[in-house]
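Have a look at the structure below, then the notes.
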Amino acid sequence: MKKILITGALGQIGSELTLKLREKYGNDNVVATDIKKPENSRIVSEGIFEQLDATDAIRMNNLVEKYDVDTFIHLAALLSAVAEAKPKLAWDLNMGGLLNALEVSREHNLKFFTPSSIGAFGPETPKNQTPQVTVQRPSTMYGVTKVSGELLSDYYHQKFGVDTRSVRFPGLISHATLPGGGTTDYAVDIYYEAIKNAAYTSFIAEGTYMDMMYMPDAIALIIKLMEAPADSLNHRNAYNVSAMSIAPEDVAQAIKQHIPDFELTYEVDPVRQKIAESWPNAIDTSAAREEWGFSPKYDLKNMTADMLEQLKKK
């Protein structure tokens, strides 16, 4: 990777990935783009930034040519709960933007990454040790776009030779960026509320297990996957990845080791609970481990310690 363009660079993943890539490859070699341009963002002020609506294929192509890009990281998308509320917008952005990005990558022979999600699975998918290759019939618009994205990326690799790469991200937990409308957002909210109020009301029911990962592991694995030799990748679109399978009460217990009087209550959101119940409890990550050395560093215990320490600083 010599010159990298990122869409959705101000989002939950993009805001941290952009800074890490600039640190590794240099500020002038990472072109951050997003539909908005806030004045007080390091992403905007400390490196190359261009406004871009991912559905604007012409401007996307012009930016790739302007900066002589060789690697495209496409993150612009609506997340699960927002996509369910705005299904047409989700389809237009998630699929229209992806098709534009793949076309540009085909035309300019770019290395390409876009994230999929555990949302690509559905109620008929095996719930425990979910295989790398299994039935995928999601019951949400977000999931439909993610399955479609996996298939479309496979098509562009097989038909046109585009070096497409992807992972099925679990819920991502970050102290740097606020949640963006996902079903797993409770696992971020709970830490903020633990620091502020020593209490949290979960919109996900007790006993609901979902895969999760701490953001530093997510950022590291994107870079590791993109640097992996192409001939080692057999399941390139998209690898199962996860660091832990947890329910709300597990997070609460981990927080209580640091904030003993923390209290967890429940007020279940039926929309997001239904989405959560359609996803796996825990997925099999062996393909990612074997093919390109995926190995997360954070479990629930050390993630919780770091989250609380970082949020106290903020």
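Identifiers for the structure tokens are assigned positionally: chains receive A, B, ... in sequence, residues are indexed from 1 per chain, and ligands are indexed from 1 in the order shown.
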Produce a table with one row for each residue of stretch 75-185 of chain A that has an atom at most 6 Å from any atom of stretch 214-229 of chain A, each row naming the nearest atom pair and its distance in Å at one decimal; use only C-alpha atoms; arrange rows by chain and rising residue number; format as a tab-separated table.
residue	atom	partner	partner_atom	distance
A:Leu172	CA	A:Tyr214	CA	5.8
A:Ile173	CA	A:Tyr214	CA	4.9
A:Ser174	CA	A:Met215	CA	5.3
Output file for the residues above (C-alpha atoms, as a PDB file, in the first residue's frame):
ATOM      1  CA  LEU A 172     -16.886  -2.891  17.646  1.00  0.00           C
ATOM      2  CA  ILE A 173     -16.175  -1.165  20.937  1.00  0.00           C
ATOM      3  CA  SER A 174     -14.294   2.148  20.941  1.00  0.00           C
TER       4      SER A 174
END
Who sits within 12 Å of A:Asp231, only C-alpha atoms, same chain under 2 positions skipped, as a list in words
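Listing them by chain and then by number gives Asp163, Arg165, Glu227, Ala228, Pro229, Leu233, Asn234, His235, Arg236, Glu291 and Trp292 of chain A.
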When DSSP is applied to the backbone of this structure, which of stretch 76-248 of chain A are assigned alpha helix (DSSP H)? Write them out as a compact mmCIF listing (two decimals) with C-alpha atoms, in the first residue's frame.
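out-v5.txt, written as the output of this step:
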# COMPACT_ATOMS: atom_id res chain seq x y z
CA SER A 80 -27.96 -1.91 11.27
CA ALA A 81 -30.52 0.02 13.34
CA VAL A 82 -30.39 3.11 11.11
CA ALA A 83 -30.62 0.96 7.99
CA GLU A 84 -33.72 -0.74 9.33
CA ALA A 85 -35.36 2.64 9.86
CA PRO A 87 -34.09 0.80 4.18
CA LYS A 88 -34.09 2.56 0.80
CA LEU A 89 -31.38 4.99 1.86
CA ALA A 90 -29.39 2.05 3.23
CA TRP A 91 -29.62 0.19 -0.08
CA ASP A 92 -28.74 3.29 -2.12
CA LEU A 93 -25.69 4.12 0.01
CA ASN A 94 -24.47 0.67 1.02
CA MET A 95 -24.83 -0.90 -2.43
CA GLY A 96 -24.57 2.13 -4.70
CA GLY A 97 -21.46 3.37 -2.94
CA LEU A 98 -19.92 -0.10 -2.97
CA LEU A 99 -20.57 -0.59 -6.68
CA ASN A 100 -18.94 2.76 -7.41
CA ALA A 101 -15.91 1.84 -5.31
CA LEU A 102 -15.53 -1.56 -6.97
CA GLU A 103 -15.84 -0.04 -10.43
CA VAL A 104 -13.14 2.53 -9.66
CA SER A 105 -10.97 -0.26 -8.24
CA ARG A 106 -11.47 -2.31 -11.41
CA GLU A 107 -10.66 0.60 -13.70
CA HIS A 108 -7.50 1.57 -11.81
CA MET A 141 -31.79 -4.50 5.20
CA TYR A 142 -28.32 -4.02 6.68
CA GLY A 143 -27.73 -7.76 6.47
CA VAL A 144 -29.08 -7.92 2.92
CA THR A 145 -26.62 -5.24 1.83
CA LYS A 146 -23.74 -7.03 3.56
CA VAL A 147 -24.45 -10.39 1.92
CA SER A 148 -24.89 -8.62 -1.40
CA GLY A 149 -21.61 -6.81 -0.82
CA GLU A 150 -19.76 -10.05 -0.16
CA LEU A 151 -21.15 -11.55 -3.37
CA LEU A 152 -20.44 -8.43 -5.39
CA SER A 153 -16.85 -8.28 -4.12
CA ASP A 154 -16.41 -11.97 -4.98
CA TYR A 155 -17.77 -11.26 -8.46
CA TYR A 156 -15.34 -8.41 -9.08
CA HIS A 157 -12.45 -10.61 -7.91
CA GLN A 158 -13.44 -13.64 -10.00
CA LYS A 159 -14.63 -11.75 -13.09
CA PHE A 160 -12.17 -8.85 -13.24
CA TYR A 186 -24.94 -1.04 23.98
CA ALA A 187 -21.42 -2.41 24.49
CA VAL A 188 -20.03 1.09 23.88
CA ASP A 189 -22.78 3.07 25.64
CA ILE A 190 -22.43 1.00 28.81
CA TYR A 191 -18.87 2.20 29.43
CA TYR A 192 -19.74 5.88 28.94
CA GLU A 193 -22.66 5.57 31.35
CA ALA A 194 -20.55 3.62 33.85
CA ILE A 195 -18.14 6.56 34.06
CA LYS A 196 -20.82 9.25 34.13
CA ASN A 197 -23.58 7.67 36.23
CA MET A 215 -11.32 -1.22 18.14
CA PRO A 216 -7.50 -1.46 18.38
CA ASP A 217 -7.79 -5.11 17.31
CA ALA A 218 -10.13 -4.16 14.45
CA ILE A 219 -7.72 -1.51 13.14
CA ALA A 220 -4.75 -3.86 13.42
CA LEU A 221 -6.49 -6.67 11.55
CA ILE A 222 -7.48 -4.44 8.61
CA ILE A 223 -3.85 -3.47 8.13
CA LYS A 224 -2.66 -7.05 8.61
CA LEU A 225 -5.18 -8.38 6.08
CA MET A 226 -4.30 -5.70 3.52
CA GLU A 227 -0.59 -6.47 3.89
CA PRO A 248 -24.78 -7.32 28.67
Among listed residues A:Asn109, A:Asn237, A:Gln257, A:Thr265, nearest A:Asn302 (using only C-alpha atoms)
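The answer is A:Gln257, which sits nearest to A:Asn302.
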Can you tell me, as a list in words, what residues are no more than 12 Å from A:Gln273 when counting only C-alpha atoms, ignoring any on the same chain fewer than 5 positions away?
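The filter keeps Ser80, Ala81, Gly182, Thr183, Thr184, Asp185, Tyr186, Ser202, Phe203, Ile204, Ala205, Glu206, Gly207, Thr208, Tyr209, Met210, Tyr266, Glu267, Val268, Ser278 and Trp279 of chain A.
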Pick from A:Met60, A:Ala77, A:Ile6, A:Val241, whichever lies nearest to A:Gly293 using only C-alpha atoms
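Using only C-alpha atoms, A:Gly293 sits closest to A:Val241.
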Considering only C-alpha atoms, return as a PyMOL selection string whatever protein or nucleic-acid residues lie within 10 Å of A:Ala305, sequence-local ones (same chain, fewer than 2 positions apart) excluded.
chain A and resi 254-255+257-258+300-303+307-310
Please provide the set of residues having any atom within 8 Å of stretch 28-43 of chain A, restricted to only C-alpha atoms, with same-chain residues fewer than 5 positions apart removed, written as a PDB file with C-alpha atoms, in the first residue's frame.
ATOM      1  CA  LYS A   2       1.539   3.280  -1.158  1.00  0.00           C
ATOM      2  CA  LYS A   3      -1.371   5.708  -1.605  1.00  0.00           C
ATOM      3  CA  ILE A   4      -4.591   4.904   0.255  1.00  0.00           C
ATOM      4  CA  LEU A   5      -8.057   6.422  -0.174  1.00  0.00           C
ATOM      5  CA  ILE A   6     -10.641   5.938   2.589  1.00  0.00           C
ATOM      6  CA  THR A   7     -14.370   6.627   2.344  1.00  0.00           C
ATOM      7  CA  GLY A   8     -16.323   7.132   5.577  1.00  0.00           C
ATOM      8  CA  ALA A   9     -13.120   8.331   7.209  1.00  0.00           C
ATOM      9  CA  LEU A  10     -14.991  10.183   9.970  1.00  0.00           C
ATOM     10  CA  SER A  15     -11.615   7.897  12.355  1.00  0.00           C
ATOM     11  CA  THR A  18      -7.107   6.896   9.165  1.00  0.00           C
ATOM     12  CA  LEU A  19      -4.856   8.084  11.994  1.00  0.00           C
ATOM     13  CA  LEU A  21      -2.521   4.475   8.535  1.00  0.00           C
ATOM     14  CA  ARG A  22      -1.133   8.024   8.480  1.00  0.00           C
ATOM     15  CA  ILE A  48      -5.263  15.196   3.084  1.00  0.00           C
ATOM     16  CA  PHE A  49      -9.060  15.426   3.307  1.00  0.00           C
ATOM     17  CA  GLU A  50     -11.664  15.651   0.549  1.00  0.00           C
ATOM     18  CA  GLN A  51     -15.444  15.775   0.813  1.00  0.00           C
ATOM     19  CA  LEU A  52     -17.024  12.855  -1.034  1.00  0.00           C
ATOM     20  CA  ASP A  53     -20.507  11.415  -1.284  1.00  0.00           C
ATOM     21  CA  ALA A  54     -19.871   7.722  -2.007  1.00  0.00           C
ATOM     22  CA  TYR A  67      -3.938  11.342  -5.807  1.00  0.00           C
ATOM     23  CA  ALA A  76     -19.087   4.524   3.976  1.00  0.00           C
TER      24      ALA A  76
END
Restricting the calculation to only C-alpha atoms: of A:Leu264, A:Thr134, A:Asp70, A:Arg168, which residue gets closest to A:Thr201?
A:Leu264
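Among A:Ser245, A:Gln12, A:Gln136, A:Thr71, the residue with the shortest atom-to-atom distance to A:Asn281, counting only C-alpha atoms, is A:Ser245.
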When you draw a straight line from atom CA of A:Ser232 to atom CA of A:Ser286, how long is it in Å?
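Distance reported for this atom pair: 14.0 Å.
Checking A:Met244, A:Leu178, A:Ala198, A:Met212 one by one against A:Glu16, counting only C-alpha atoms, you find the shortest gap at A:Leu178.
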